[in-house]
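J.: This is run-v2.txt, which holds compact mmCIF, C-alpha atoms:
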# COMPACT_ATOMS: atom_id res chain seq x y z
CA MET A 144 -3.06 -40.27 217.11
CA ARG A 145 -0.31 -39.54 219.61
CA PRO A 146 0.85 -42.53 221.60
CA THR A 147 -0.30 -42.59 225.19
CA VAL A 148 2.87 -44.14 226.50
CA CYS A 149 2.49 -45.39 229.98
CA SER A 150 5.32 -45.08 232.49
CA HIS A 151 4.64 -48.67 233.62
CA GLU A 152 5.29 -50.21 230.22
CA ALA A 153 8.85 -51.30 230.97
CA SER A 154 7.83 -53.02 234.23
CA VAL A 155 4.85 -54.68 232.56
CA TRP A 156 6.95 -55.98 229.68
CA GLU A 157 9.63 -57.26 232.05
CA SER A 158 7.04 -59.03 234.15
CA VAL A 159 5.59 -60.80 231.11
CA ALA A 160 8.98 -61.52 229.50
CA THR A 161 10.42 -63.07 232.68
CA GLY A 162 7.36 -65.28 233.15
CA GLN A 163 6.24 -63.59 236.35
CA TRP A 164 2.96 -62.45 234.81
CA PRO A 165 0.37 -62.86 236.23
CA ASP A 166 1.01 -65.17 239.20
CA THR A 167 4.02 -63.54 240.83
CA THR A 168 3.46 -60.00 239.62
CA ASP A 169 2.96 -57.24 242.13
CA GLN A 170 -0.77 -56.69 242.76
CA ALA A 171 -0.44 -52.93 242.17
CA LEU A 172 0.95 -53.57 238.68
CA LYS A 173 -1.88 -56.01 237.94
CA ASP A 174 -4.42 -53.40 239.07
CA HIS A 175 -2.75 -50.86 236.82
CA VAL A 176 -2.91 -53.17 233.79
CA ARG A 177 -6.62 -53.74 234.40
CA ASP A 178 -7.23 -49.97 234.13
CA CYS A 179 -4.67 -49.06 231.44
CA ALA A 180 -5.64 -49.94 227.86
CA SER A 181 -2.09 -49.44 226.58
CA CYS A 182 -0.60 -51.82 229.16
CA ALA A 183 -3.40 -54.33 228.59
CA ASP A 184 -2.51 -54.34 224.87
CA LEU A 185 1.14 -54.71 225.82
CA VAL A 186 0.41 -57.78 227.94
CA ALA A 187 -1.76 -59.36 225.24
CA VAL A 188 0.75 -58.78 222.44
CA THR A 189 3.87 -59.66 224.44
CA SER A 190 2.36 -62.89 225.80
CA ALA A 191 1.25 -63.93 222.30
CA LEU A 192 4.57 -63.12 220.66
CA LEU A 193 6.68 -64.74 223.37
CA ALA A 194 4.59 -67.91 223.08
CA ASP A 195 5.03 -67.86 219.31
CA ALA A 196 8.77 -67.23 219.69
CA ALA A 197 9.00 -70.33 221.89
CA CYS A 198 7.14 -72.23 219.17
CA ALA A 199 9.54 -70.90 216.54
CA ARG A 200 12.52 -72.10 218.59
CA THR A 201 11.17 -75.65 218.53
CA GLU A 202 10.31 -75.49 214.82
CA SER A 203 13.65 -74.14 213.64
CA ALA A 204 16.31 -76.47 212.35
CA PRO A 205 19.05 -74.24 210.97
CA PRO A 206 21.92 -76.00 209.22
CA SER A 207 25.07 -76.42 211.27
CA SER A 208 27.53 -73.55 211.41
CA ALA A 209 30.16 -75.72 209.70
CA ILE A 210 27.96 -76.23 206.66
CA VAL A 211 27.04 -72.56 206.44
CA TRP A 212 30.71 -71.63 206.70
CA TRP A 213 31.70 -74.07 203.91
CA ARG A 214 28.95 -72.85 201.66
CA ALA A 215 29.98 -69.24 202.26
CA GLN A 216 33.61 -70.12 201.48
CA MET A 217 32.67 -71.88 198.25
CA ARG A 218 30.40 -69.11 197.11
CA ALA A 219 32.92 -66.41 197.92
CA ARG A 220 35.57 -68.33 196.00
CA GLN A 221 33.29 -68.73 192.98
CA GLU A 222 32.44 -65.05 193.03
CA ALA A 223 36.11 -64.11 193.27
CA ALA A 224 36.90 -66.36 190.30
CA ARG A 225 34.09 -64.85 188.26
CA ALA A 226 35.25 -61.34 189.08
CA ALA A 227 38.80 -62.21 188.03
CA GLU A 228 37.61 -63.70 184.74
CA ARG A 229 35.48 -60.73 183.78
CA PRO A 230 38.20 -58.50 182.19
CA LEU A 231 39.50 -61.49 180.22
CA THR A 232 35.99 -62.20 179.00
CA VAL A 233 35.59 -58.64 177.79
CA VAL A 234 38.85 -58.89 175.83
CA HIS A 235 37.65 -62.19 174.33
CA ALA A 236 34.38 -60.55 173.39
CA LEU A 237 36.17 -57.71 171.63
CA ALA A 238 38.44 -60.11 169.77
CA ILE A 239 35.47 -62.17 168.63
CA ALA A 240 33.68 -59.02 167.53
CA CYS A 241 36.70 -57.84 165.53
CA ALA A 242 37.09 -61.24 163.87
CA THR A 243 33.38 -61.31 163.05
CA GLY A 244 33.63 -57.81 161.61
CA LEU A 245 36.51 -58.81 159.35
CA LEU A 246 34.63 -61.92 158.25
CA VAL A 247 31.55 -59.88 157.42
CA GLY A 248 33.72 -57.47 155.42
CA LEU A 249 35.33 -60.33 153.50
CA ILE A 250 31.97 -61.92 152.77
CA GLY A 251 30.70 -58.59 151.47
CA LEU A 252 33.75 -58.25 149.25
CA ALA A 253 33.43 -61.82 147.97
CA GLY A 254 29.77 -61.19 147.21
CA ALA A 255 30.65 -58.15 145.14
CA TRP A 256 33.37 -60.10 143.32
CA VAL A 257 30.99 -63.00 142.52
CA ARG A 258 28.35 -60.60 141.22
CA ASP A 259 30.85 -58.92 138.98
CA SER A 260 32.39 -62.17 137.73
CA SER A 261 28.99 -63.68 136.89
CA ALA A 262 28.61 -60.95 134.25
CA TRP A 263 31.90 -61.94 132.48
CA PRO A 264 31.57 -63.17 128.92
CA ILE A 265 33.65 -66.31 128.43
CA SER A 266 33.60 -66.34 124.67
CA SER A 267 37.32 -65.62 124.27
CA PRO A 268 40.38 -64.98 126.44
CA SER A 269 40.81 -61.52 125.01
CA ALA A 270 37.24 -60.66 125.86
CA THR A 271 37.76 -62.02 129.39
CA LEU A 272 40.88 -59.94 129.75
CA GLY A 273 38.94 -56.91 128.65
CA VAL A 274 36.29 -57.59 131.28
CA LEU A 275 38.95 -58.10 133.92
CA LYS A 276 40.40 -54.77 133.05
CA SER A 277 36.98 -53.19 133.20
CA THR A 278 36.20 -54.79 136.57
CA HIS A 279 39.54 -53.83 138.04
CA LEU A 280 38.27 -50.48 139.16
CA PRO A 281 35.13 -51.67 140.99
CA LEU A 282 37.14 -54.45 142.69
CA THR A 283 39.76 -51.98 143.80
CA GLY A 284 36.96 -49.87 145.17
CA ALA A 285 35.54 -52.88 147.03
CA TRP A 286 38.95 -53.71 148.51
CA SER A 287 39.36 -50.15 149.66
CA MET A 288 35.97 -50.42 151.36
CA LEU A 289 36.97 -53.53 153.32
CA PRO A 290 38.45 -51.78 156.38
CA TRP A 291 35.41 -49.53 156.58
CA ILE A 292 32.98 -52.42 156.37
CA ALA A 293 34.98 -54.30 159.00
CA LEU A 294 35.09 -51.25 161.24
CA ALA A 295 31.35 -50.65 160.91
CA ALA A 296 30.58 -54.30 161.66
CA THR A 297 32.92 -54.22 164.67
CA LEU A 298 31.33 -51.05 165.99
CA VAL A 299 27.91 -52.70 165.76
CA LEU A 300 28.92 -56.12 167.06
CA ALA A 301 31.41 -55.27 169.81
CA PRO A 302 28.95 -53.61 172.21
CA LEU A 303 26.45 -56.39 171.53
CA ALA A 304 29.01 -59.10 172.25
CA VAL A 305 30.23 -57.36 175.40
CA TYR A 306 26.66 -56.88 176.60
CA VAL A 307 25.75 -60.53 175.99
CA ILE A 308 28.83 -61.85 177.79
CA VAL A 309 28.68 -59.46 180.72
CA SER A 310 24.95 -60.04 181.21
CA GLU A 311 25.62 -63.79 181.41
CA ASP A 312 27.74 -63.15 184.52
CA MET B 26 16.35 -77.39 205.81
CA SER B 27 19.39 -79.55 206.60
CA ASP B 28 19.09 -81.53 203.38
CA ILE B 29 22.83 -81.64 202.79
CA THR B 30 24.26 -85.14 202.55
CA LEU B 31 27.57 -86.56 203.69
CA SER B 32 28.72 -86.71 200.09
CA ASP B 33 27.93 -83.01 199.74
CA ILE B 34 30.06 -82.30 202.79
CA GLY B 35 32.82 -84.44 201.35
CA ARG B 36 32.64 -82.54 198.10
CA LEU B 37 32.73 -79.24 199.92
CA GLN B 38 35.72 -80.39 201.93
CA ALA B 39 37.49 -81.59 198.81
CA ALA B 40 36.82 -78.32 197.08
CA ALA B 41 38.15 -76.29 199.97
CA ASP B 42 41.83 -76.00 199.16
CA GLY B 43 42.83 -74.29 202.38
CA SER B 44 43.29 -70.86 200.83
CA ASP B 45 40.27 -69.20 202.42
CA VAL B 46 38.87 -66.20 200.61
CA ALA B 47 38.56 -62.99 202.57
CA LEU B 48 35.45 -63.02 204.72
CA ALA B 49 34.57 -60.58 207.46
CA MET B 50 35.11 -63.13 210.27
CA ASP B 51 37.33 -66.10 210.93
CA GLU B 52 35.74 -69.52 211.14
CA ASP B 53 35.70 -69.87 214.92
CA ALA B 54 34.25 -66.42 215.47
CA PHE B 55 31.62 -67.03 212.80
CA ARG B 56 30.59 -70.41 214.16
CA GLY B 57 30.21 -69.05 217.66
CA PHE B 58 28.19 -66.09 216.43
CA TYR B 59 26.03 -68.31 214.22
CA ASP B 60 25.31 -70.74 217.05
CA ARG B 61 24.24 -67.88 219.29
CA THR B 62 22.01 -66.14 216.74
CA SER B 63 20.70 -68.52 214.08
CA THR B 64 17.71 -69.94 215.95
CA ALA B 65 16.40 -66.50 216.89
CA LEU B 66 17.07 -65.16 213.40
CA TRP B 67 15.18 -68.08 211.85
CA GLY B 68 12.22 -67.29 214.10
CA TYR B 69 12.34 -63.65 213.06
CA LEU B 70 12.56 -64.53 209.36
CA SER B 71 9.80 -67.11 209.49
CA ARG B 72 7.42 -64.82 211.36
CA ILE B 73 7.96 -61.64 209.40
CA SER B 74 7.89 -63.46 206.05
CA GLY B 75 5.18 -65.93 207.11
CA ASP B 76 7.02 -68.64 205.18
CA ARG B 77 9.25 -71.27 206.76
CA GLN B 78 10.82 -72.41 203.51
CA LEU B 79 11.73 -68.84 202.68
CA ALA B 80 13.17 -68.41 206.17
CA ASP B 81 15.45 -71.40 205.53
CA ASP B 82 16.78 -69.84 202.34
CA LEU B 83 17.11 -66.31 203.64
CA LEU B 84 18.89 -67.41 206.79
CA GLN B 85 21.91 -68.62 204.85
CA GLU B 86 21.81 -65.65 202.51
CA ALA B 87 21.78 -63.24 205.46
CA TYR B 88 24.86 -64.83 207.05
CA TYR B 89 26.65 -64.89 203.70
CA ARG B 90 26.02 -61.20 203.17
CA LEU B 91 27.21 -60.47 206.69
CA LEU B 92 30.42 -62.36 205.97
CA ARG B 93 30.93 -60.48 202.72
CA ALA B 94 30.20 -57.08 204.22
CA GLY B 95 33.50 -55.29 204.56
CA GLN B 96 32.46 -53.61 207.76
CA GLU B 97 34.00 -53.33 211.19
CA PHE B 98 31.65 -53.99 214.09
CA GLU B 99 32.09 -52.33 217.45
CA SER B 100 30.42 -55.14 219.36
CA GLU B 101 28.45 -58.35 219.02
CA ALA B 102 25.23 -56.36 219.43
CA HIS B 103 26.24 -54.12 216.54
CA ARG B 104 26.98 -57.15 214.37
CA ARG B 105 23.68 -58.76 215.34
CA ASN B 106 21.74 -55.60 214.49
CA TYR B 107 23.47 -55.46 211.14
CA LEU B 108 22.54 -59.10 210.52
CA TYR B 109 18.90 -58.38 211.32
CA ARG B 110 18.99 -55.40 209.02
CA ILE B 111 20.25 -57.60 206.20
CA ALA B 112 17.53 -60.16 207.00
CA THR B 113 14.82 -57.49 207.03
CA ASN B 114 15.94 -56.15 203.66
CA LEU B 115 16.07 -59.65 202.21
CA VAL B 116 12.48 -60.34 203.26
CA ARG B 117 11.37 -56.96 201.90
CA ASP B 118 13.12 -57.56 198.56
CA THR B 119 11.74 -61.08 198.27
CA GLN B 120 8.20 -59.98 198.99
CA ARG B 121 8.46 -57.25 196.35
CA GLN B 122 9.43 -59.85 193.78
CA ARG B 123 6.74 -62.39 194.51
CA ARG B 124 3.06 -62.59 195.27
CA PRO B 125 1.85 -62.36 198.86
CA ILE B 126 2.63 -65.50 200.80
CA HIS B 127 -0.13 -67.76 202.03
CA ASP B 128 1.50 -70.04 204.50
CA ASN B 129 -0.64 -73.16 204.42
CA THR B 130 1.67 -75.04 206.77
CA HIS B 131 0.58 -72.71 209.55
CA LEU B 132 -3.09 -73.10 208.77
CA ALA B 133 -2.67 -76.85 208.65
CA SER B 134 -1.88 -76.78 212.34
CA LEU B 135 -5.30 -75.36 213.16
CA PRO B 136 -7.42 -77.66 215.29
CA ALA B 137 -10.46 -79.14 213.66
CA GLU B 138 -13.77 -77.42 214.28
CA GLY B 139 -15.29 -78.50 217.57
CA ASN B 140 -12.00 -79.39 219.23
CA PRO B 141 -11.14 -77.51 222.41
CA PRO B 142 -8.80 -74.58 221.88
CA GLY B 143 -5.29 -75.14 223.13
CA ASP B 144 -1.77 -73.93 222.52
CA ALA B 145 -1.96 -74.83 218.83
CA ASP B 146 -5.13 -72.80 218.47
CA ARG B 147 -3.57 -69.83 220.21
CA ALA B 148 -0.44 -70.06 218.09
CA ALA B 149 -2.58 -70.16 214.95
CA ASP B 150 -4.44 -67.04 216.17
CA VAL B 151 -1.14 -65.22 216.61
CA ARG B 152 0.07 -66.19 213.15
CA ARG B 153 -3.21 -65.24 211.52
CA ALA B 154 -3.11 -61.87 213.27
CA MET B 155 0.53 -61.36 212.26
CA ARG B 156 -0.29 -62.05 208.63
CA LYS B 157 -2.82 -59.23 208.65
CA LEU B 158 -0.16 -56.73 209.67
CA LYS B 159 2.22 -54.95 207.34
CA PRO B 160 5.70 -56.50 207.17
CA ARG B 161 7.23 -53.53 208.98
CA GLU B 162 4.65 -53.82 211.78
CA ARG B 163 5.47 -57.51 212.16
CA ALA B 164 9.17 -56.73 212.35
CA LEU B 165 8.61 -53.94 214.87
CA LEU B 166 6.50 -56.08 217.16
CA TRP B 167 8.73 -59.12 216.92
CA LEU B 168 11.89 -57.15 217.66
CA ALA B 169 10.32 -55.19 220.50
CA TYR B 170 8.35 -57.89 222.29
CA ALA B 171 9.75 -61.26 221.24
CA HIS B 172 13.39 -60.12 221.30
CA GLY B 173 13.15 -57.24 223.74
CA SER B 174 15.17 -54.93 221.49
CA SER B 175 15.49 -51.27 222.44
CA HIS B 176 14.02 -48.50 220.30
CA GLY B 177 17.52 -47.60 219.14
CA GLU B 178 18.22 -51.18 218.04
CA ILE B 179 14.86 -51.39 216.25
CA ALA B 180 15.57 -48.11 214.46
CA ASP B 181 18.95 -49.45 213.44
CA VAL B 182 17.50 -52.69 212.08
CA LEU B 183 14.51 -51.19 210.27
CA GLY B 184 16.23 -48.07 209.02
CA VAL B 185 13.83 -45.63 210.67
CA LYS B 186 14.44 -42.78 213.09
CA THR B 187 14.63 -43.75 216.75
CA ALA B 188 12.09 -41.06 217.57
CA SER B 189 9.59 -42.66 215.16
CA VAL B 190 9.82 -46.12 216.71
CA LYS B 191 7.66 -45.26 219.72
CA LEU B 192 4.72 -44.11 217.60
CA LEU B 193 5.07 -46.91 215.04
CA LEU B 194 5.26 -49.47 217.80
CA PHE B 195 2.27 -48.05 219.60
CA ARG B 196 0.13 -48.23 216.46
CA ALA B 197 1.32 -51.71 215.53
CA ARG B 198 0.69 -52.97 219.06
CA ARG B 199 -2.80 -51.54 219.18
CA ARG B 200 -3.60 -53.11 215.81
CA MET B 201 -2.18 -56.47 216.83
CA ALA B 202 -4.09 -56.45 220.10
CA ALA B 203 -7.34 -55.69 218.24
CA LEU B 204 -6.61 -58.48 215.75
CA LEU B 205 -5.88 -60.92 218.57
CA ARG B 206 -9.16 -60.04 220.27
CA GLY B 207 -10.91 -60.56 216.92
CA GLU B 208 -9.15 -63.88 216.34
CA ARG B 209 -10.07 -65.09 219.81
CA ARG B 210 -13.70 -64.13 219.27
CA THR B 211 -13.66 -66.02 215.97
CA SER B 212 -11.99 -69.02 217.56
CA GLY B 213 -14.49 -68.94 220.40
CA GLY B 214 -17.39 -68.64 217.95
CA ARG B 215 -16.31 -71.81 216.23
CA LEU B 216 -16.70 -73.85 219.35
As a first step, turn the structure in this file into structure tokens.
T.:
Amino acid sequence: MRPTVCSHEASVWESVATGQWPDTTDQALKDHVRDCASCADLVAVTSALLADAACARTESAPPSSAIVWWRAQMRARQEAARAAERPLTVVHALAIACATGLLVGLIGLAGAWVRDSSAWPISSPSATLGVLKSTHLPLTGAWSMLPWIALAATLVLAPLAVYVIVSED
Amino acid sequence: MSDITLSDIGRLQAAADGSDVALAMDEDAFRGFYDRTSTALWGYLSRISGDRQLADDLLQEAYYRLLRAGQEFESEAHRRNYLYRIATNLVRDTQRQRRPIHDNTHLASLPAEGNPPGDADRAADVRRAMRKLKPRERALLWLAYAHGSSHGEIADVLGVKTASVKLLLFRARRRMAALLRGERRTSGGRL
């Protein structure tokens, strides 16, 4: 429905808002409001809302401007500090991830070494030497795998660590 | 709302080391602006959200966001409109995140059945009627008739076209007037 805007709306609103309505309002305007549904609604709504606004003014107890200013200062400072720490945190996260990757690689290597050594016969030193010689190749293979294991673990852990730390911010 | 203690203030003062972080206003300008606008903004927030406690929280958040907004304002009116826009968005975001608000503190002020209707009764009628409107309708009506904002200012605050304000306002006003008539009939029927 198109609005049937009345040309008297501004005068009616002003009359209500300045407290002139209805006692000191011009009789012609009062007659108009009686016949105009749009202006009658305007009077009803404006009177109700202005009364409620007066109520709201008495209910409100906003904190003092000094307190709001201090809180804003503190919060802004904390946010600035957090923002400054963020790059450092990311570097820490990467370092932790790299260290964890290396540790995982070493543990994997140690596991392989223990498995191999548990199969060693200990009957005689010559037999042990023979086993050592035979296990030399697999161990060398495991050592050569270490950087790859560490790299794979880092690639998996680094994004996870960065995500966890950044999401905590 | 003002539940801060003297020890809190002391702590805040102790923590403030004099090197103020960059905010959009200096302290004197902010305090003057806050003193001129906070009571009206609290009224706006409490009536469009229907929740006084929420209005307390959002009031401070709105001023903080204003202070952190790296924006130049042409005039006090421009700054005030921007503040109201922040406040409106905060209420909208909050209401999206939580269930509809049932403000029992307002209903508690209703007169008991059989008592003569007075100002409290009328105020309760207004609040009940407001709660039945959509949040944008509440904001429109409050800005237009409780604040006396122009259509341009309302459009600026609510993020709608100025040309749309007239129609939206007309519909909201008609709905509110019908609700008020209904509320008054109900209040009268209780007597």
J.: Please build the interface table for chain B against chain A with a cut-off of 6 Å, listing for each qualifying residue the nearest atom pair and the distance in Å to one decimal; count all atoms listed in the file, order rows by chain and increasing number, and write it as a Markdown table.
T.:
| residue | atom | partner | partner_atom | distance |
| --- | --- | --- | --- | --- |
| B:Ser27 | CA | A:Pro206 | CA | 5.1 |
| B:Arg56 | CA | A:Ser208 | CA | 5.2 |
| B:Gly68 | CA | A:Ala199 | CA | 5.1 |
| B:Tyr89 | CA | A:Ala215 | CA | 5.7 |
| B:Tyr170 | CA | A:Thr189 | CA | 5.3 |
| B:Ala171 | CA | A:Leu193 | CA | 5.1 |
| B:Leu192 | CA | A:Pro146 | CA | 5.8 |
| B:Ala202 | CA | A:Asp184 | CA | 5.4 |
J.: Include C-alpha atoms and write out the residues we just selected as a PDB file, in the frame of the given file.
T.:
ATOM      1  CA  SER B  27      19.390 -79.550 206.600  1.00  0.00           C
ATOM      2  CA  ARG B  56      30.590 -70.410 214.160  1.00  0.00           C
ATOM      3  CA  GLY B  68      12.220 -67.290 214.100  1.00  0.00           C
ATOM      4  CA  TYR B  89      26.650 -64.890 203.700  1.00  0.00           C
ATOM      5  CA  TYR B 170       8.350 -57.890 222.290  1.00  0.00           C
ATOM      6  CA  ALA B 171       9.750 -61.260 221.240  1.00  0.00           C
ATOM      7  CA  LEU B 192       4.720 -44.110 217.600  1.00  0.00           C
ATOM      8  CA  ALA B 202      -4.090 -56.450 220.100  1.00  0.00           C
TER       9      ALA B 202
END
J.: Separation of atom CA of Ala148 of chain B and atom CA of Leu84 of chain B, in Å?
T.: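 Here the two named atoms are 22.5 Å from each other.
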J.: Under the rule that all atoms listed in the file are counted, which of A:Ala242, A:Ala227, A:Leu172, A:Cys179 is the nearest residue to Ala301 of chain A?
T.: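 Checking each of A:Ala242, A:Ala227, A:Leu172, A:Cys179 against Ala301 of chain A, counting all atoms listed in the file, the winner is A:Ala242.
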J.: Dig up all the protein and nucleic acid residues within 9 Å of (33.9, -54.2, 166.3) in the file frame, using all atoms listed in the file, and format them as a list in words.
T.: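 Residues satisfying the cut-off, written out: Leu237, Ala238, Ile239, Ala240, Cys241, Ala242, Thr243, Gly244, Leu245, Ala293, Leu294, Ala295, Ala296, Thr297, Leu298, Val299, Leu300, Ala301 and Pro302 of chain A.
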J.: Mind pulling up the distance from atom CA of Leu205 of chain B to atom CA of Asn114 of chain B?
T.: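 Atom-to-atom, atom CA of Asn114 of chain B to atom CA of Leu205 of chain B, that is 26.9 Å.
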J.: Using all atoms listed in the file, which protein or nucleic acid residues come within 12 Å of Leu83 of chain B? Drop anything in the same chain fewer than 6 positions from it, and give the result as a PyMOL selection string.
T.: (chain A and resi 205) or (chain B and resi 26+63+66-71+73-74+76-77+89-90+108-109+111-120)
J.: For Phe55 of chain B, list every protein, DNA or RNA residue within 9 Å, evaluated using all atoms listed in the file, and leave out those in the same chain fewer than 4 positions away; present the list as an mmCIF file with C-alpha atoms, keeping the file's coordinate frame.
T.:
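Wrote result_25.cif, looks like this:
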data_model
loop_
_atom_site.group_PDB
_atom_site.id
_atom_site.type_symbol
_atom_site.label_atom_id
_atom_site.label_comp_id
_atom_site.auth_asym_id
_atom_site.auth_seq_id
_atom_site.Cartn_x
_atom_site.Cartn_y
_atom_site.Cartn_z
ATOM 1 C CA SER A 208 27.530 -73.550 211.410
ATOM 2 C CA TRP A 212 30.710 -71.630 206.700
ATOM 3 C CA ALA B 49 34.570 -60.580 207.460
ATOM 4 C CA MET B 50 35.110 -63.130 210.270
ATOM 5 C CA ASP B 51 37.330 -66.100 210.930
ATOM 6 C CA TYR B 59 26.030 -68.310 214.220
ATOM 7 C CA ASP B 60 25.310 -70.740 217.050
ATOM 8 C CA LEU B 92 30.420 -62.360 205.970
#
J.: Please measure the separation of atom CA of Leu48 of chain B and atom CA of Phe98 of chain B, giving the value in Å to one decimal.
T.: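 Those two atoms sit 13.6 Å apart.
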J.: Return as AutoDock Vina command-line options the box centre and box size in Å, one decimal, for an axis-aligned box around all listed atoms of segment 159-176 of chain A padded by 8 Å per side.
T.:
--center_x 3.0 --center_y -58.1 --center_z 236.1 --size_x 30.8 --size_y 30.4 --size_z 29.3
J.: Would you mind putting back N, CA and C atoms on segment 168-181 of chain A, then writing it out as a compact mmCIF listing (two decimals), in the coordinates of the input?
T.:
# COMPACT_ATOMS: atom_id res chain seq x y z
N THR A 168 3.34 -61.45 239.85
CA THR A 168 3.46 -60.00 239.62
C THR A 168 2.85 -59.25 240.80
N ASP A 169 3.44 -58.13 241.07
CA ASP A 169 2.96 -57.24 242.13
C ASP A 169 1.48 -56.88 241.88
N GLN A 170 0.67 -56.93 242.92
CA GLN A 170 -0.77 -56.69 242.76
C GLN A 170 -1.06 -55.29 242.21
N ALA A 171 -0.24 -54.31 242.64
CA ALA A 171 -0.44 -52.93 242.17
C ALA A 171 -0.27 -52.84 240.66
N LEU A 172 0.71 -53.59 240.13
CA LEU A 172 0.95 -53.57 238.68
C LEU A 172 -0.22 -54.25 237.95
N LYS A 173 -0.74 -55.32 238.55
CA LYS A 173 -1.88 -56.01 237.94
C LYS A 173 -3.10 -55.09 237.91
N ASP A 174 -3.29 -54.35 239.00
CA ASP A 174 -4.42 -53.40 239.07
C ASP A 174 -4.26 -52.34 238.00
N HIS A 175 -3.01 -51.89 237.84
CA HIS A 175 -2.75 -50.86 236.82
C HIS A 175 -3.10 -51.38 235.43
N VAL A 176 -2.66 -52.59 235.13
CA VAL A 176 -2.91 -53.17 233.79
C VAL A 176 -4.41 -53.29 233.53
N ARG A 177 -5.17 -53.60 234.57
CA ARG A 177 -6.62 -53.74 234.40
C ARG A 177 -7.24 -52.40 233.96
N ASP A 178 -6.65 -51.29 234.43
CA ASP A 178 -7.23 -49.97 234.13
C ASP A 178 -6.58 -49.26 232.95
N CYS A 179 -5.42 -49.76 232.49
CA CYS A 179 -4.67 -49.06 231.44
C CYS A 179 -4.76 -49.85 230.13
N ALA A 180 -5.43 -49.25 229.15
CA ALA A 180 -5.64 -49.94 227.86
C ALA A 180 -4.31 -50.23 227.17
N SER A 181 -3.38 -49.28 227.24
CA SER A 181 -2.09 -49.44 226.58
C SER A 181 -1.32 -50.62 227.18
